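Text of input.cif, listed as mmCIF, C-alpha atoms:
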```cif
data_structure
#
loop_
_atom_site.label_atom_id
_atom_site.label_comp_id
_atom_site.auth_asym_id
_atom_site.auth_seq_id
_atom_site.Cartn_x
_atom_site.Cartn_y
_atom_site.Cartn_z
CA THR Z 1258 -5.44 -1.62 0.32
CA ALA Z 1259 -9.08 -1.03 -0.53
CA LYS Z 1260 -10.62 2.40 -0.34
CA GLY Z 1261 -14.36 3.06 -0.21
CA ASP Z 1262 -16.25 6.31 -0.66
CA SER Z 1263 -19.77 7.29 0.38
CA TRP Z 1264 -21.72 10.47 -0.11
CA GLY Z 1265 -24.17 12.59 1.86
CA HIS Z 1266 -25.90 15.82 0.72
CA SER Z 1267 -27.37 18.80 2.51
CA ARG Z 1268 -29.05 22.02 1.41
CA SER Z 1269 -30.09 23.23 4.84
CA PRO Z 1270 -28.55 24.90 7.89
CA ALA Z 1271 -26.05 23.29 10.24
CA PRO Z 1272 -28.23 20.57 11.88
CA ALA Z 1273 -29.08 19.07 8.49
CA GLN Z 1274 -25.45 19.34 7.40
CA LEU Z 1275 -24.37 17.44 10.48
CA LYS Z 1276 -26.95 14.75 9.77
CA ALA Z 1277 -25.76 14.46 6.17
CA ALA Z 1278 -22.13 14.15 7.29
CA GLN Z 1279 -23.07 11.45 9.80
CA GLN Z 1280 -25.04 9.65 7.11
CA ALA Z 1281 -22.02 9.63 4.78
CA GLY Z 1282 -19.84 8.27 7.59
CA LYS Z 1283 -22.34 5.52 8.45
CA ARG Z 1284 -22.62 4.47 4.81
CA VAL Z 1285 -18.89 4.08 4.28
CA ALA Z 1286 -18.55 2.31 7.64
CA ALA Z 1287 -21.25 -0.14 6.56
CA ARG Z 1288 -19.39 -0.81 3.31
CA ALA Z 1289 -16.14 -1.36 5.20
CA ASP Z 1290 -17.90 -3.78 7.56
CA SER Z 1291 -19.31 -5.67 4.56
CA LEU Z 1292 -15.81 -5.94 3.13
CA ARG Z 1293 -14.42 -7.28 6.39
CA ARG Z 1294 -17.20 -9.86 6.69
CA GLU Z 1295 -16.68 -11.12 3.14
CA LEU Z 1296 -12.91 -11.29 3.57
CA HIS Z 1297 -13.32 -13.20 6.82
CA ARG Z 1298 -15.65 -15.59 5.00
CA ILE Z 1299 -12.90 -16.51 2.50
CA GLY Z 1300 -10.42 -17.15 5.29
CA ILE Z 1301 -8.74 -13.80 5.98
CA PRO Z 1302 -8.23 -13.43 9.77
CA ARG Z 1303 -9.72 -10.33 11.35
CA ASP Z 1304 -6.34 -9.31 12.74
CA SER Z 1305 -5.06 -9.12 9.14
CA LEU Z 1306 -7.56 -6.34 8.33
CA VAL Z 1307 -6.11 -3.02 9.44
CA THR Z 1308 -8.01 0.25 9.25
CA GLY Z 1309 -5.66 2.65 7.49
CA SER Z 1310 -7.65 5.81 8.20
CA ARG Z 1311 -6.52 5.90 11.82
CA TRP Z 1312 -3.05 6.89 10.58
CA GLN Z 1313 -4.47 9.70 8.43
CA TRP Z 1314 -2.99 8.44 5.17
CA TRP Z 1315 -4.83 11.20 3.32
CA GLY Z 1316 -6.45 14.54 4.10
CA GLY Z 1317 -9.12 13.18 6.44
CA ARG Z 1318 -11.90 10.63 6.77
CA LEU Z 1319 -14.66 13.11 5.93
CA GLU Z 1320 -14.31 15.55 3.05
CA THR Z 1321 -16.55 18.58 2.57
CA LEU Z 1322 -17.32 19.52 -1.02
CA PRO Z 1323 -19.02 22.92 -1.36
CA GLY Z 1324 -21.62 22.93 -4.10
CA GLN Z 1325 -23.46 25.58 -6.08
CA THR Z 1326 -24.37 28.83 -4.34
CA ARG Z 1327 -27.83 30.31 -4.97
CA TYR Z 1328 -28.88 33.88 -4.21
CA ILE Z 1329 -32.40 34.40 -2.92
CA PRO Z 1330 -33.64 38.01 -3.07
CA PRO Z 1331 -36.47 39.21 -0.81
CA PRO Z 1332 -40.02 39.16 -2.24
CA PRO Z 1333 -40.81 42.05 -4.59
CA GLY Z 1334 -41.60 45.22 -2.66
CA THR Z 1335 -40.26 43.79 0.59
CA PRO Z 1336 -37.09 45.31 2.01
CA GLY Z 1337 -34.44 42.98 3.24
CA PRO Z 1338 -31.09 41.47 2.38
CA THR Z 1339 -30.44 38.91 -0.34
CA LEU Z 1340 -29.96 35.49 1.20
CA THR Z 1341 -27.51 32.87 0.01
CA GLN Z 1342 -27.96 29.13 0.02
CA GLN Z 1343 -25.27 26.61 -0.78
CA ASP Z 1344 -25.49 22.89 -1.39
CA THR Z 1345 -22.88 20.93 0.52
CA ALA Z 1346 -21.78 17.39 -0.27
CA TYR Z 1347 -19.88 15.14 2.11
CA ARG Z 1348 -17.64 12.33 0.95
CA ALA Z 1349 -16.49 9.83 3.56
CA HIS Z 1350 -13.39 7.69 3.03
CA GLU Z 1351 -12.25 4.46 4.58
CA VAL Z 1352 -9.04 2.54 3.95
CA VAL Z 1353 -8.70 -1.13 4.86
CA GLU Z 1354 -5.26 -2.70 4.59
CA VAL Z 1355 -5.42 -6.45 3.99
CA ARG Z 1356 -2.33 -8.42 5.02
CA VAL Z 1357 -2.25 -11.77 3.24
CA ARG Z 1358 0.41 -14.41 3.89
CA ASN Z 1359 -1.04 -17.03 1.55
CA LEU Z 1360 -0.50 -15.77 -2.01
CA ALA Z 1361 -3.35 -17.95 -3.22
CA LYS Z 1362 -5.69 -15.63 -1.29
CA VAL Z 1363 -4.58 -12.39 -2.99
CA GLY Z 1364 -6.71 -12.89 -6.10
CA PRO Z 1365 -9.86 -13.78 -4.13
CA VAL Z 1366 -9.34 -10.71 -1.92
CA ILE Z 1367 -9.32 -8.49 -5.00
CA ASP Z 1368 -12.39 -10.26 -6.39
CA VAL Z 1369 -14.27 -9.74 -3.12
CA ALA Z 1370 -13.51 -6.00 -3.19
CA LEU Z 1371 -14.58 -5.69 -6.82
CA GLY Z 1372 -17.73 -7.67 -6.07
CA LEU Z 1373 -18.63 -5.04 -3.47
CA ARG Z 1374 -18.05 -2.30 -6.08
CA ILE Z 1375 -14.83 -1.16 -4.42
CA THR Z 1376 -12.62 -0.25 -7.36
CA GLN Z 1377 -9.93 1.88 -5.74
CA ILE Z 1378 -7.43 -0.86 -4.96
CA SER Z 1379 -3.88 0.31 -4.61
CA GLY Z 1380 -0.62 -0.23 -2.81
CA ILE Z 1381 -0.48 -3.99 -3.38
CA ARG Z 1382 3.03 -5.07 -2.42
CA PHE Z 1383 4.89 -8.30 -1.87
CA SER Z 1384 7.57 -8.73 0.78
CA ALA Z 1385 9.44 -11.68 2.27
CA SER Z 1386 9.23 -12.48 5.96
CA ASN Z 1387 12.13 -15.01 6.09
CA THR Z 1388 15.19 -13.91 4.12
CA GLU Z 1389 18.01 -15.35 6.22
CA ALA Z 1390 18.95 -18.17 3.81
CA ALA Z 1391 18.77 -15.86 0.79
CA ARG Z 1392 20.85 -13.23 2.56
CA GLU Z 1393 23.56 -15.74 3.48
CA GLU Z 1394 23.74 -16.92 -0.14
CA ALA Z 1395 23.94 -13.30 -1.31
CA LEU Z 1396 26.79 -12.68 1.14
CA ARG Z 1397 28.72 -15.68 -0.22
CA GLU Z 1398 28.28 -14.48 -3.79
CA ALA Z 1399 29.19 -10.89 -2.89
CA SER Z 1400 32.34 -12.02 -1.02
CA THR Z 1401 33.47 -14.16 -3.97
CA LYS Z 1402 32.85 -11.30 -6.38
CA ALA Z 1403 34.71 -8.82 -4.15
CA ARG Z 1404 37.79 -11.06 -4.03
CA ARG Z 1405 37.66 -11.71 -7.77
CA GLN Z 1406 37.48 -8.00 -8.54
CA ALA Z 1407 40.30 -7.24 -6.09
CA ALA Z 1408 42.46 -9.94 -7.71
CA THR Z 1409 41.82 -8.44 -11.14
CA ILE Z 1410 42.90 -5.02 -9.91
CA ALA Z 1411 46.01 -6.47 -8.26
CA GLU Z 1412 47.03 -8.35 -11.40
CA ALA Z 1413 46.44 -5.29 -13.56
CA SER Z 1414 48.83 -3.35 -11.33
CA GLY Z 1415 51.53 -6.01 -11.56
CA GLY Z 1416 50.93 -7.67 -8.22
CA LYS Z 1417 48.81 -10.28 -6.55
CA LEU Z 1418 46.52 -10.54 -3.56
CA GLY Z 1419 47.91 -11.44 -0.18
CA ARG Z 1420 46.17 -12.07 3.09
CA ILE Z 1421 42.79 -10.56 3.96
CA LEU Z 1422 43.11 -7.37 5.99
CA SER Z 1423 39.38 -6.89 6.58
CA LEU Z 1424 36.09 -8.19 5.31
CA SER Z 1425 32.78 -6.78 6.46
CA THR Z 1426 29.22 -6.07 5.51
CA ASP Z 1427 27.01 -3.15 6.45
CA PRO Z 1428 23.99 -4.45 8.42
CA SER Z 1429 21.86 -1.65 7.00
CA SER Z 1430 22.83 -2.53 3.44
CA SER Z 1431 20.60 -5.59 3.28
CA ASP Z 1432 17.70 -4.68 1.07
CA VAL Z 1433 14.61 -6.84 0.61
CA GLY Z 1434 12.85 -5.52 -2.44
CA LEU Z 1435 9.15 -4.89 -2.84
CA THR Z 1436 7.56 -5.98 -6.09
CA GLU Z 1437 4.56 -4.56 -7.87
CA ILE Z 1438 1.46 -6.60 -8.45
CA VAL Z 1439 1.13 -8.63 -11.62
CA LEU Z 1440 -2.40 -9.60 -12.64
CA ARG Z 1441 -3.54 -11.98 -15.28
CA GLY Z 1442 -6.86 -13.45 -16.29
CA GLU Z 1443 -7.37 -17.18 -16.27
CA PRO Z 1444 -8.89 -18.49 -19.54
CA ASN Z 1445 -12.65 -18.99 -19.30
CA SER Z 1446 -12.65 -17.60 -15.77
CA SER Z 1447 -13.50 -14.24 -14.28
CA ARG Z 1448 -11.24 -14.79 -11.27
CA THR Z 1449 -8.19 -12.64 -10.69
CA GLN Z 1450 -4.93 -14.59 -10.82
CA ILE Z 1451 -1.70 -13.41 -9.22
CA VAL Z 1452 1.69 -14.18 -10.73
CA GLU Z 1453 3.97 -15.18 -7.87
CA PRO Z 1454 6.77 -12.60 -7.74
CA GLN Z 1455 10.50 -12.98 -7.16
CA ILE Z 1456 11.70 -10.67 -4.41
CA PRO Z 1457 15.35 -9.60 -4.68
CA VAL Z 1458 17.67 -9.54 -1.66
CA ALA Z 1459 20.72 -7.27 -1.96
CA VAL Z 1460 23.78 -7.00 0.31
CA SER Z 1461 27.06 -5.09 0.28
CA VAL Z 1462 30.45 -6.59 1.15
CA HIS Z 1463 33.56 -4.48 1.81
CA GLY Z 1464 36.98 -6.15 1.65
CA ARG Z 1465 40.67 -5.16 1.96
CA TRP Z 1466 43.56 -7.41 0.96
CA GLU Z 1467 47.29 -7.12 1.18
CA LEU Z 1468 48.87 -6.29 -2.21
CA ILE Z 1469 52.04 -8.28 -2.93
CA SER Z 1470 54.40 -7.08 -5.63
CA THR Z 1471 55.56 -9.71 -8.09
CA PRO Z 1472 59.02 -9.67 -9.66
#
```
Take the structure I supplied and represent it as structure tokens, if you would.
Amino acid sequence: TAKGDSWGHSRSPAPAQLKAAQQAGKRVAARADSLRRELHRIGIPRDSLVTGSRWQWWGGRLETLPGQTRYIPPPPGTPGPTLTQQDTAYRAHEVVEVRVRNLAKVGPVIDVALGLRITQISGIRFSASNTEAAREEALREASTKARRQAATIAEASGGKLGRILSLSTDPSSSDVGLTEIVLRGEPNSSRTQIVEPQIPVAVSVHGRWELISTP
């Protein structure tokens, strides 16, 4: 996820403040468009570039930052109130979520963002889209372990395992882990390299066996 900021300033009444706020919004939108164009150029489909700001992932797209307040007294010998004037700064935010399925593209995506002076890059996560084979293997291992542990308990109590009474798994117990990003620099290269992660798959198996007493 890349986040870009842009600034606008105003020292005047409301019309100028509105213009400054619009200017900040246009600047950050232009930077976001530049990012999308460059990412599309390196092969990232446009439907993989999601604007995060529409979900309000932070306080708002436009942030008002009150500045220094100045007090302006009336001219000497002239009655009248003391006026105040305050500088106002506007900071516009934009979040673009980049969804990459080819891990070889992750490093270039980061390099493109850095090349556009976008340095707030966060929330980089890895997840697996096809875990069926890994889940089935995990279920086999968990079932074997459950039986082995039950047999140990039975033997410790002076008995042995009989027939299976029940064996089940909780569908919601399957957990596909998310891994954090790992970066490394390639020797004699300024390109960002990504270490391919291993994503764990966890399951739970619940079993009940008949306990047979041994003489």
### Message
Between Z:Ala1346, Z:Val1458, Z:Ile1299, Z:Val1352, which residue has the minimum interatomic distance to Ala1390 in chain Z, considering all atoms listed in the file?
### Response
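Closest candidate: Z:Val1458.
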### Message
Residues near range 1355-1357 of chain Z, anyone? I mean within 12 Å using only C-alpha atoms, not counting same-chain ones fewer than 2 positions away, as a PyMOL selection string.
### Response
chain Z and resi 1258-1260+1289+1292-1293+1296-1297+1299-1309+1352-1353+1359-1367+1369-1370+1378-1386
### Task
Please indicate the distance in Å from CA of Gln1406 in chain Z to CA of Ala1459 in chain Z, rounded to one decimal place.
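Taking CA of Gln1406 in chain Z as the start and CA of Ala1459 in chain Z as the end point, the length is 18.0 Å.
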### Task
Determine, counting only C-alpha atoms, which protein, DNA and RNA residues have an atom within 9 Å of an atom of Ala1407 in chain Z; residues of the same chain fewer than 2 positions away are not included. Present the result as number ranges by chain.
Z: 1402-1405, 1409-1412, 1418, 1464-1466
Once you add 6 Å to each side, what are the centre and edge lengths of the axis-aligned box holding all listed atoms of range 1416-1429 of chain Z? One decimal in Å, as AutoDock Vina command-line options, if you can.
```
--center_x 36.4 --center_y -6.9 --center_z 0.1 --size_x 41.1 --size_y 22.4 --size_z 28.6
```
Show which residues sit within 12 Å of Ala1391 in chain Z, as a PDB file with C-alpha atoms, in the frame of the given file. Count all atoms listed in the file, and ignore same-chain residues fewer than 4 positions away.
```pdb
ATOM      1  CA  ALA Z1385       9.440 -11.680   2.270  1.00  0.00           C
ATOM      2  CA  SER Z1386       9.230 -12.480   5.960  1.00  0.00           C
ATOM      3  CA  ASN Z1387      12.130 -15.010   6.090  1.00  0.00           C
ATOM      4  CA  ALA Z1395      23.940 -13.300  -1.310  1.00  0.00           C
ATOM      5  CA  LEU Z1396      26.790 -12.680   1.140  1.00  0.00           C
ATOM      6  CA  ARG Z1397      28.720 -15.680  -0.220  1.00  0.00           C
ATOM      7  CA  GLU Z1398      28.280 -14.480  -3.790  1.00  0.00           C
ATOM      8  CA  SER Z1431      20.600  -5.590   3.280  1.00  0.00           C
ATOM      9  CA  ASP Z1432      17.700  -4.680   1.070  1.00  0.00           C
ATOM     10  CA  VAL Z1433      14.610  -6.840   0.610  1.00  0.00           C
ATOM     11  CA  GLN Z1455      10.500 -12.980  -7.160  1.00  0.00           C
ATOM     12  CA  ILE Z1456      11.700 -10.670  -4.410  1.00  0.00           C
ATOM     13  CA  PRO Z1457      15.350  -9.600  -4.680  1.00  0.00           C
ATOM     14  CA  VAL Z1458      17.670  -9.540  -1.660  1.00  0.00           C
ATOM     15  CA  ALA Z1459      20.720  -7.270  -1.960  1.00  0.00           C
ATOM     16  CA  VAL Z1460      23.780  -7.000   0.310  1.00  0.00           C
TER      17      VAL Z1460
END
```
Could you produce a table of the residues of range 1279-1306 of chain Z lying within 10 Å of range 1316-1334 of chain Z, with the nearest pair of atoms per residue and their separation in Å rounded to one decimal, using all atoms listed in the file, ordered by chain and increasing residue number, as a tab-separated table?
```
residue	atom	partner	partner_atom	distance
Z:Gln1279	CA	Z:Leu1319	CA	9.4
Z:Ala1281	CA	Z:Leu1319	CA	8.2
Z:Gly1282	CA	Z:Leu1319	CA	7.3
Z:Val1285	CA	Z:Arg1318	CA	9.9
```
Take the PyMOL selection byres ((chain Z and resi 1287) around 12), apply it to the structure above, and return the hits as a short mmCIF file (atom, residue, chain, number, x, y, z; two decimals) with C-alpha atoms, in the coordinates of the input.
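Listing of selection32.cif after writing:
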```cif
data_model
loop_
_atom_site.label_atom_id
_atom_site.label_comp_id
_atom_site.auth_asym_id
_atom_site.auth_seq_id
_atom_site.Cartn_x
_atom_site.Cartn_y
_atom_site.Cartn_z
CA GLY Z 1261 -14.36 3.06 -0.21
CA ASP Z 1262 -16.25 6.31 -0.66
CA SER Z 1263 -19.77 7.29 0.38
CA GLN Z 1280 -25.04 9.65 7.11
CA ALA Z 1281 -22.02 9.63 4.78
CA GLY Z 1282 -19.84 8.27 7.59
CA LYS Z 1283 -22.34 5.52 8.45
CA ARG Z 1284 -22.62 4.47 4.81
CA VAL Z 1285 -18.89 4.08 4.28
CA ALA Z 1286 -18.55 2.31 7.64
CA ARG Z 1288 -19.39 -0.81 3.31
CA ALA Z 1289 -16.14 -1.36 5.20
CA ASP Z 1290 -17.90 -3.78 7.56
CA SER Z 1291 -19.31 -5.67 4.56
CA LEU Z 1292 -15.81 -5.94 3.13
CA ARG Z 1293 -14.42 -7.28 6.39
CA ARG Z 1294 -17.20 -9.86 6.69
CA ALA Z 1349 -16.49 9.83 3.56
CA HIS Z 1350 -13.39 7.69 3.03
CA GLU Z 1351 -12.25 4.46 4.58
CA LEU Z 1373 -18.63 -5.04 -3.47
#
```
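From CA of Arg1348 in chain Z back to CA of Glu1295 in chain Z, the distance works out to 23.6 Å.
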Counting only C-alpha atoms, I want the residues whose atoms come within 9 Å of (47.7, -12.9, -5.0) in the file frame, returned as a PDB file with C-alpha atoms, in the coordinates of the input.
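Once written, point_8.pdb looks like this:
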```pdb
ATOM      1  CA  ALA Z1408      42.460  -9.940  -7.710  1.00  0.00           C
ATOM      2  CA  ALA Z1411      46.010  -6.470  -8.260  1.00  0.00           C
ATOM      3  CA  GLU Z1412      47.030  -8.350 -11.400  1.00  0.00           C
ATOM      4  CA  GLY Z1416      50.930  -7.670  -8.220  1.00  0.00           C
ATOM      5  CA  LYS Z1417      48.810 -10.280  -6.550  1.00  0.00           C
ATOM      6  CA  LEU Z1418      46.520 -10.540  -3.560  1.00  0.00           C
ATOM      7  CA  GLY Z1419      47.910 -11.440  -0.180  1.00  0.00           C
ATOM      8  CA  ARG Z1420      46.170 -12.070   3.090  1.00  0.00           C
ATOM      9  CA  GLU Z1467      47.290  -7.120   1.180  1.00  0.00           C
ATOM     10  CA  LEU Z1468      48.870  -6.290  -2.210  1.00  0.00           C
ATOM     11  CA  ILE Z1469      52.040  -8.280  -2.930  1.00  0.00           C
ATOM     12  CA  SER Z1470      54.400  -7.080  -5.630  1.00  0.00           C
TER      13      SER Z1470
END
```
### Query
Could you work out how far CA of Gly1372 in chain Z lies from CA of Lys1276 in chain Z, giving the answer in Å with one decimal?
29.0 Å
### Nearest-residue call for Leu1424 in chain Z, choices Z:Thr1335, Z:Thr1345, Z:Thr1449, Z:Ser1461, using only C-alpha atoms
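Looking only at the distances to Leu1424 in chain Z, the closest residue turns out to be Z:Ser1461.
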